[in-house]
Every structure is written in C-alpha cells, then in structure tokens.
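Structure record follows, encoded as structure tokens.
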Amino acid sequence: RNYSDTEQLRSLNEELQQAARGPLPLLVAVDQEGGRVQRVKAPLVEWPAMRALGERDDLQSTQKVGELLGAELVALGFNLNFAPVLDVVQSDDNTVIGDRAFAANPEKAARHALAFARGLTNAGILPCGKHFPGHGGPVADSHHVLPVERRIEGELRQCDLLPFIAAVDEGFPLLMSAHLQVNAWDNALP
C-alpha cells in the first residue's frame, strides 16, 4: 500500500542501505509468503498459496519457489522475508492460517517449510519462520481478538511445535511469535 511501483521500492531500499553506512546491512523486511499474503504484487509473480506446494509434495519444487520468490525480493533490495509459515493447520475452520500452511501433517509441513527457507537462503534472503508456537489450532483472527490455544502441552509438542523444532535444528535465523494465549503455559497472559 505504501509504494508506487517496484522501481520506487527498489530505489528506496537502496537509499536506506546507503544511509545506514554501518558494518552490517539494515534488515529490510517484507511479508511475502505467496498466496493471499504477498505484499508486493505485479509485476512480480503472484505465487500460489503454500498449501498448493504441500499438496504437490515435491520438495525440489518448493525449494525452487523459495529461490525464485527470494530472487525477486533481492532485486528489490529486501534481505529478510517474514516467511515461511511453520504452522500446522488443524481445521478448515482456521481461515486465518488456512492455505498459508504447507500441510496439516507436522512432518510434511516442516519438510516443505524448510525447503522453502533453503530456497530463500540460496537467493540471499533471510527466512523468518512463523507463528511460534503455532497458530494452526486457534481459529480466531489475532489481528482482531486474542486467540486462545486450549490443547495440552503434550498435544502441542506432538504436532504444532515439530516444525519449529525442525527450523531451529536447521539453523533458522529468526522466528516470529504468534499473538495468542497458550493455556498450557499461561492461562492469563499471551
């Protein structure tokens, strides 16, 4: 919403990096998952929702999509993407995550999210896995209300946390937290 065209966006990101003049580059991030969460659109490719990649179940294709999407972002001066989604969607009622998740199976979701992240990394983009500790269960939209995760810790460890554990083991540089209350850990505060 706040850029006029991709050239203006690329130029702005370049100016920001030049103005920083530090030993490390600024982290210039965007939320570019593919599907309905794709902040920069045409002339960039409008990528499918990640569920489509999970259903295809071809890890090389998933990694390639990450590389190509990442290459587009690098060309615009970004170096951090708020993706991939590591959530394991538990129900079709969960429209907040829904088709943004690679799968309802935690192992499959992890495999594809990690492949996508490797593609981003190969292109020069830092991946940021989200939404820790998992937003695949609660169906409320955390942009409007505080969702509450009511499952017990054992259920969370067997399902929702598996992709996050795999991401940490893989060396993900960043994880984004979810905006939710997890009663297994604290039934009063998010």
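Chains: A, B, ... in order of the structure tokens. Residues: from 1 per chain. Ligands: from 1, in order shown.
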
With a distance cut-off of 9 Å and only C-alpha atoms, select the neighbouring residues of Ala123 (chain A), excluding the residue or stretch itself and same-chain residues fewer than 4 positions from it, and output the selection as a ChimeraX atom specification.
-> /A:66-74,118-119

Pick out the residues sitting within 9 Å of Ala110 (chain A), and hand them over as a list in words; count only C-alpha atoms, and ignore anything fewer than 3 positions along from it in its own chain.
-> Leu86, Asp87, Val88, Phe102, Ala103, Asn105, Pro106, Glu107, Ala113, Leu114, Ala115, Leu162, Pro163, Phe164, Ile165, Ala166 and Ala167 of chain A

Tell me which protein, DNA and RNA residues are within 12 Å of Leu27 (chain A), counting only C-alpha atoms, leaving out same-chain ones fewer than 3 positions away, and put them as a VMD selection string.
-> chain A and resid 13 to 14 16 to 17 20 22 24 30 74 77 to 82 125 to 128 174

Helix (DSSP H, G or I) call set, DSSP backbone run, chain A, as an mmCIF file with N, CA and C atoms, in the first residue's frame:
data_model
loop_
_atom_site.group_PDB
_atom_site.id
_atom_site.type_symbol
_atom_site.label_atom_id
_atom_site.label_comp_id
_atom_site.auth_asym_id
_atom_site.auth_seq_id
_atom_site.Cartn_x
_atom_site.Cartn_y
_atom_site.Cartn_z
ATOM 1 N N THR A 6 7.605 -0.847 -8.453
ATOM 2 C CA THR A 6 8.753 -1.616 -7.975
ATOM 3 C C THR A 6 10.063 -0.849 -8.097
ATOM 4 N N GLU A 7 10.201 0.025 -9.066
ATOM 5 C CA GLU A 7 11.430 0.813 -9.183
ATOM 6 C C GLU A 7 11.557 1.772 -8.001
ATOM 7 N N GLN A 8 10.471 2.405 -7.628
ATOM 8 C CA GLN A 8 10.486 3.302 -6.464
ATOM 9 C C GLN A 8 10.827 2.514 -5.203
ATOM 10 N N LEU A 9 10.289 1.310 -5.073
ATOM 11 C CA LEU A 9 10.552 0.461 -3.910
ATOM 12 C C LEU A 9 12.022 0.047 -3.871
ATOM 13 N N ARG A 10 12.574 -0.375 -5.004
ATOM 14 C CA ARG A 10 13.989 -0.755 -5.082
ATOM 15 C C ARG A 10 14.884 0.421 -4.732
ATOM 16 N N SER A 11 14.563 1.585 -5.267
ATOM 17 C CA SER A 11 15.352 2.788 -5.022
ATOM 18 C C SER A 11 15.304 3.180 -3.544
ATOM 19 N N LEU A 12 14.140 3.116 -2.943
ATOM 20 C CA LEU A 12 14.005 3.431 -1.525
ATOM 21 C C LEU A 12 14.849 2.486 -0.669
ATOM 22 N N ASN A 13 14.767 1.197 -0.937
ATOM 23 C CA ASN A 13 15.553 0.234 -0.164
ATOM 24 C C ASN A 13 17.048 0.468 -0.329
ATOM 25 N N GLU A 14 17.471 0.818 -1.520
ATOM 26 C CA GLU A 14 18.885 1.123 -1.767
ATOM 27 C C GLU A 14 19.309 2.373 -0.990
ATOM 28 N N GLU A 15 18.484 3.406 -1.012
ATOM 29 C CA GLU A 15 18.786 4.633 -0.270
ATOM 30 C C GLU A 15 18.881 4.369 1.232
ATOM 31 N N LEU A 16 18.007 3.533 1.754
ATOM 32 C CA LEU A 16 18.051 3.181 3.174
ATOM 33 C C LEU A 16 19.370 2.495 3.521
ATOM 34 N N GLN A 17 19.802 1.564 2.680
ATOM 35 C CA GLN A 17 21.071 0.866 2.936
ATOM 36 C C GLN A 17 22.247 1.843 2.886
ATOM 37 N N GLN A 18 22.243 2.744 1.919
ATOM 38 C CA GLN A 18 23.327 3.720 1.813
ATOM 39 C C GLN A 18 23.347 4.672 3.006
ATOM 40 N N ALA A 19 22.185 5.048 3.485
ATOM 41 C CA ALA A 19 22.108 5.965 4.621
ATOM 42 C C ALA A 19 22.593 5.314 5.908
ATOM 43 N N ALA A 20 22.454 4.011 6.010
ATOM 44 C CA ALA A 20 22.856 3.301 7.232
ATOM 45 C C ALA A 20 24.367 3.281 7.394
ATOM 46 N N MET A 50 0.826 -21.662 -0.113
ATOM 47 C CA MET A 50 1.777 -22.738 0.206
ATOM 48 C C MET A 50 1.107 -24.103 0.334
ATOM 49 N N ARG A 51 -0.162 -24.142 0.644
ATOM 50 C CA ARG A 51 -0.854 -25.432 0.685
ATOM 51 C C ARG A 51 -0.740 -26.148 -0.668
ATOM 52 N N ALA A 52 -0.793 -25.393 -1.760
ATOM 53 C CA ALA A 52 -0.676 -25.998 -3.090
ATOM 54 C C ALA A 52 0.670 -26.703 -3.245
ATOM 55 N N LEU A 53 1.723 -26.110 -2.699
ATOM 56 C CA LEU A 53 3.036 -26.765 -2.770
ATOM 57 C C LEU A 53 3.070 -28.006 -1.890
ATOM 58 N N GLY A 54 2.475 -27.925 -0.712
ATOM 59 C CA GLY A 54 2.412 -29.090 0.163
ATOM 60 C C GLY A 54 1.630 -30.229 -0.470
ATOM 61 N N GLU A 55 0.530 -29.895 -1.139
ATOM 62 C CA GLU A 55 -0.275 -30.925 -1.804
ATOM 63 C C GLU A 55 0.475 -31.549 -2.962
ATOM 64 N N ARG A 56 1.262 -30.762 -3.664
ATOM 65 C CA ARG A 56 2.078 -31.310 -4.759
ATOM 66 C C ARG A 56 3.144 -32.238 -4.202
ATOM 67 N N LEU A 59 9.547 -31.570 -2.893
ATOM 68 C CA LEU A 59 10.415 -30.666 -2.135
ATOM 69 C C LEU A 59 11.306 -29.822 -3.031
ATOM 70 N N GLN A 60 11.736 -30.374 -4.167
ATOM 71 C CA GLN A 60 12.567 -29.584 -5.090
ATOM 72 C C GLN A 60 11.776 -28.406 -5.650
ATOM 73 N N SER A 61 10.511 -28.628 -5.963
ATOM 74 C CA SER A 61 9.669 -27.528 -6.459
ATOM 75 C C SER A 61 9.462 -26.477 -5.376
ATOM 76 N N THR A 62 9.231 -26.926 -4.154
ATOM 77 C CA THR A 62 9.029 -25.984 -3.047
ATOM 78 C C THR A 62 10.283 -25.144 -2.846
ATOM 79 N N GLN A 63 11.452 -25.777 -2.884
ATOM 80 C CA GLN A 63 12.698 -25.027 -2.734
ATOM 81 C C GLN A 63 12.877 -24.052 -3.898
ATOM 82 N N LYS A 64 12.548 -24.487 -5.106
ATOM 83 C CA LYS A 64 12.694 -23.622 -6.281
ATOM 84 C C LYS A 64 11.790 -22.396 -6.180
ATOM 85 N N VAL A 65 10.561 -22.586 -5.690
ATOM 86 C CA VAL A 65 9.672 -21.439 -5.497
ATOM 87 C C VAL A 65 10.298 -20.468 -4.498
ATOM 88 N N GLY A 66 10.879 -20.997 -3.411
ATOM 89 C CA GLY A 66 11.567 -20.137 -2.451
ATOM 90 C C GLY A 66 12.707 -19.363 -3.095
ATOM 91 N N GLU A 67 13.476 -20.031 -3.959
ATOM 92 C CA GLU A 67 14.595 -19.365 -4.642
ATOM 93 C C GLU A 67 14.103 -18.272 -5.575
ATOM 94 N N LEU A 68 13.091 -18.571 -6.363
ATOM 95 C CA LEU A 68 12.595 -17.595 -7.332
ATOM 96 C C LEU A 68 11.920 -16.416 -6.637
ATOM 97 N N LEU A 69 11.113 -16.700 -5.633
ATOM 98 C CA LEU A 69 10.494 -15.628 -4.855
ATOM 99 C C LEU A 69 11.581 -14.796 -4.186
ATOM 100 N N GLY A 70 12.575 -15.458 -3.629
ATOM 101 C CA GLY A 70 13.687 -14.754 -2.987
ATOM 102 C C GLY A 70 14.465 -13.889 -3.957
ATOM 103 N N ALA A 71 14.696 -14.371 -5.163
ATOM 104 C CA ALA A 71 15.422 -13.590 -6.174
ATOM 105 C C ALA A 71 14.668 -12.309 -6.514
ATOM 106 N N GLU A 72 13.348 -12.391 -6.572
ATOM 107 C CA GLU A 72 12.555 -11.184 -6.819
ATOM 108 C C GLU A 72 12.751 -10.176 -5.687
ATOM 109 N N LEU A 73 12.773 -10.674 -4.457
ATOM 110 C CA LEU A 73 12.926 -9.775 -3.308
ATOM 111 C C LEU A 73 14.309 -9.142 -3.273
ATOM 112 N N VAL A 74 15.341 -9.932 -3.563
ATOM 113 C CA VAL A 74 16.709 -9.395 -3.610
ATOM 114 C C VAL A 74 16.800 -8.285 -4.651
ATOM 115 N N ALA A 75 16.172 -8.487 -5.801
ATOM 116 C CA ALA A 75 16.204 -7.478 -6.860
ATOM 117 C C ALA A 75 15.564 -6.161 -6.417
ATOM 118 N N GLY A 98 -5.161 -21.284 7.409
ATOM 119 C CA GLY A 98 -5.721 -21.972 6.244
ATOM 120 C C GLY A 98 -4.693 -22.399 5.226
ATOM 121 N N ASP A 99 -4.851 -21.920 3.991
ATOM 122 C CA ASP A 99 -3.982 -22.340 2.895
ATOM 123 C C ASP A 99 -2.590 -21.721 2.938
ATOM 124 N N ARG A 100 -2.322 -20.918 3.959
ATOM 125 C CA ARG A 100 -0.974 -20.379 4.134
ATOM 126 C C ARG A 100 -0.020 -21.458 4.658
ATOM 127 N N PRO A 106 2.376 -32.467 10.630
ATOM 128 C CA PRO A 106 3.521 -31.669 11.091
ATOM 129 C C PRO A 106 4.837 -31.996 10.391
ATOM 130 N N GLU A 107 5.081 -33.262 10.094
ATOM 131 C CA GLU A 107 6.333 -33.620 9.421
ATOM 132 C C GLU A 107 6.364 -33.060 8.003
ATOM 133 N N LYS A 108 5.242 -33.181 7.304
ATOM 134 C CA LYS A 108 5.163 -32.649 5.939
ATOM 135 C C LYS A 108 5.267 -31.126 5.950
ATOM 136 N N ALA A 109 4.585 -30.476 6.881
ATOM 137 C CA ALA A 109 4.669 -29.017 6.989
ATOM 138 C C ALA A 109 6.116 -28.596 7.222
ATOM 139 N N ALA A 110 6.814 -29.311 8.091
ATOM 140 C CA ALA A 110 8.216 -28.984 8.382
ATOM 141 C C ALA A 110 9.095 -29.179 7.152
ATOM 142 N N ARG A 111 8.950 -30.302 6.472
ATOM 143 C CA ARG A 111 9.791 -30.577 5.289
ATOM 144 C C ARG A 111 9.654 -29.472 4.247
ATOM 145 N N HIS A 112 8.423 -29.070 3.974
ATOM 146 C CA HIS A 112 8.205 -28.060 2.937
ATOM 147 C C HIS A 112 8.623 -26.665 3.392
ATOM 148 N N ALA A 113 8.353 -26.334 4.638
ATOM 149 C CA ALA A 113 8.772 -25.020 5.133
ATOM 150 C C ALA A 113 10.292 -24.895 5.102
ATOM 151 N N LEU A 114 10.995 -25.958 5.474
ATOM 152 C CA LEU A 114 12.452 -25.927 5.454
ATOM 153 C C LEU A 114 12.984 -25.853 4.027
ATOM 154 N N ALA A 115 12.341 -26.555 3.102
ATOM 155 C CA ALA A 115 12.762 -26.478 1.693
ATOM 156 C C ALA A 115 12.568 -25.065 1.157
ATOM 157 N N PHE A 116 11.433 -24.463 1.474
ATOM 158 C CA PHE A 116 11.164 -23.090 1.041
ATOM 159 C C PHE A 116 12.206 -22.142 1.624
ATOM 160 N N ALA A 117 12.523 -22.318 2.906
ATOM 161 C CA ALA A 117 13.525 -21.468 3.559
ATOM 162 C C ALA A 117 14.901 -21.648 2.938
ATOM 163 N N ARG A 118 15.265 -22.875 2.574
ATOM 164 C CA ARG A 118 16.550 -23.094 1.895
ATOM 165 C C ARG A 118 16.584 -22.336 0.569
ATOM 166 N N GLY A 119 15.457 -22.328 -0.135
ATOM 167 C CA GLY A 119 15.383 -21.571 -1.383
ATOM 168 C C GLY A 119 15.577 -20.084 -1.152
ATOM 169 N N LEU A 120 14.903 -19.539 -0.141
ATOM 170 C CA LEU A 120 15.090 -18.119 0.181
ATOM 171 C C LEU A 120 16.551 -17.837 0.496
ATOM 172 N N THR A 121 17.146 -18.688 1.325
ATOM 173 C CA THR A 121 18.540 -18.507 1.734
ATOM 174 C C THR A 121 19.467 -18.551 0.525
ATOM 175 N N ASN A 122 19.238 -19.504 -0.366
ATOM 176 C CA ASN A 122 20.060 -19.608 -1.584
ATOM 177 C C ASN A 122 19.983 -18.339 -2.422
ATOM 178 N N ALA A 123 18.848 -17.666 -2.368
ATOM 179 C CA ALA A 123 18.672 -16.426 -3.135
ATOM 180 C C ALA A 123 19.267 -15.210 -2.424
ATOM 181 N N GLU A 153 -0.084 -29.409 26.668
ATOM 182 C CA GLU A 153 1.292 -29.306 26.189
ATOM 183 C C GLU A 153 1.719 -30.518 25.362
ATOM 184 N N GLY A 154 1.332 -31.707 25.778
ATOM 185 C CA GLY A 154 1.703 -32.909 25.034
ATOM 186 C C GLY A 154 1.196 -32.885 23.606
ATOM 187 N N GLU A 155 -0.017 -32.416 23.398
ATOM 188 C CA GLU A 155 -0.569 -32.308 22.037
ATOM 189 C C GLU A 155 0.217 -31.288 21.222
ATOM 190 N N LEU A 156 0.570 -30.184 21.839
ATOM 191 C CA LEU A 156 1.332 -29.155 21.131
ATOM 192 C C LEU A 156 2.706 -29.690 20.731
ATOM 193 N N ARG A 157 3.342 -30.436 21.627
ATOM 194 C CA ARG A 157 4.674 -30.989 21.336
ATOM 195 C C ARG A 157 4.620 -32.034 20.217
ATOM 196 N N GLN A 158 3.544 -32.772 20.124
ATOM 197 C CA GLN A 158 3.421 -33.816 19.107
ATOM 198 C C GLN A 158 3.035 -33.270 17.737
ATOM 199 N N LEU A 161 4.573 -27.871 17.572
ATOM 200 C CA LEU A 161 5.966 -27.484 17.821
ATOM 201 C C LEU A 161 6.969 -28.185 16.904
ATOM 202 N N LEU A 162 6.583 -29.289 16.283
ATOM 203 C CA LEU A 162 7.543 -30.051 15.468
ATOM 204 C C LEU A 162 8.185 -29.228 14.351
ATOM 205 N N PRO A 163 7.433 -28.464 13.561
ATOM 206 C CA PRO A 163 8.100 -27.655 12.536
ATOM 207 C C PRO A 163 9.041 -26.593 13.113
ATOM 208 N N PHE A 164 8.713 -26.065 14.285
ATOM 209 C CA PHE A 164 9.580 -25.057 14.905
ATOM 210 C C PHE A 164 10.872 -25.698 15.405
ATOM 211 N N ILE A 165 10.760 -26.888 15.965
ATOM 212 C CA ILE A 165 11.959 -27.625 16.390
ATOM 213 C C ILE A 165 12.835 -27.913 15.180
ATOM 214 N N ALA A 166 12.218 -28.346 14.084
ATOM 215 C CA ALA A 166 12.978 -28.614 12.861
ATOM 216 C C ALA A 166 13.640 -27.347 12.340
ATOM 217 N N ALA A 167 12.950 -26.224 12.429
ATOM 218 C CA ALA A 167 13.516 -24.946 11.967
ATOM 219 C C ALA A 167 14.716 -24.544 12.807
ATOM 220 N N VAL A 168 14.618 -24.708 14.112
ATOM 221 C CA VAL A 168 15.753 -24.390 14.993
ATOM 222 C C VAL A 168 16.920 -25.325 14.678
ATOM 223 N N ASP A 169 16.639 -26.606 14.525
ATOM 224 C CA ASP A 169 17.692 -27.572 14.180
ATOM 225 C C ASP A 169 18.346 -27.237 12.845
ATOM 226 N N GLU A 170 17.565 -26.692 11.923
ATOM 227 C CA GLU A 170 18.068 -26.314 10.597
ATOM 228 C C GLU A 170 18.889 -25.020 10.656
#

Go through A:Ile152, A:Val45, A:Val40, A:Val139 and flag the residue nearest Asp186 (chain A), using only C-alpha atoms for the distances.
->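 That would be A:Ile152, the residue with the smallest distance to Asp186 (chain A).
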
Provide the CA of Ser91 (chain A) to CA of Lys41 (chain A) distance in Å, to one decimal place.
->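 Computed distance, CA of Ser91 (chain A) to CA of Lys41 (chain A), equals 28.4 Å.
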
Mind the document's chain letters and residue numbers, and return as a ChimeraX atom specification the residues of chain A that DSSP labels strand (DSSP E).
-> /A:29-30,32-34,37-38,80-81,126-132,148-149,174-177,181-182

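Checking A:Glu33, A:Asp141, A:Glu149, A:Asp160 one by one against Ala49 (chain A), counting only C-alpha atoms, you find the shortest gap at A:Glu33.
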
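The shortest atom-to-atom distance to Ala83 (chain A), with only C-alpha atoms taken into account, belongs to A:Lys130 out of A:Lys130, A:His135, A:His143, A:Arg39.
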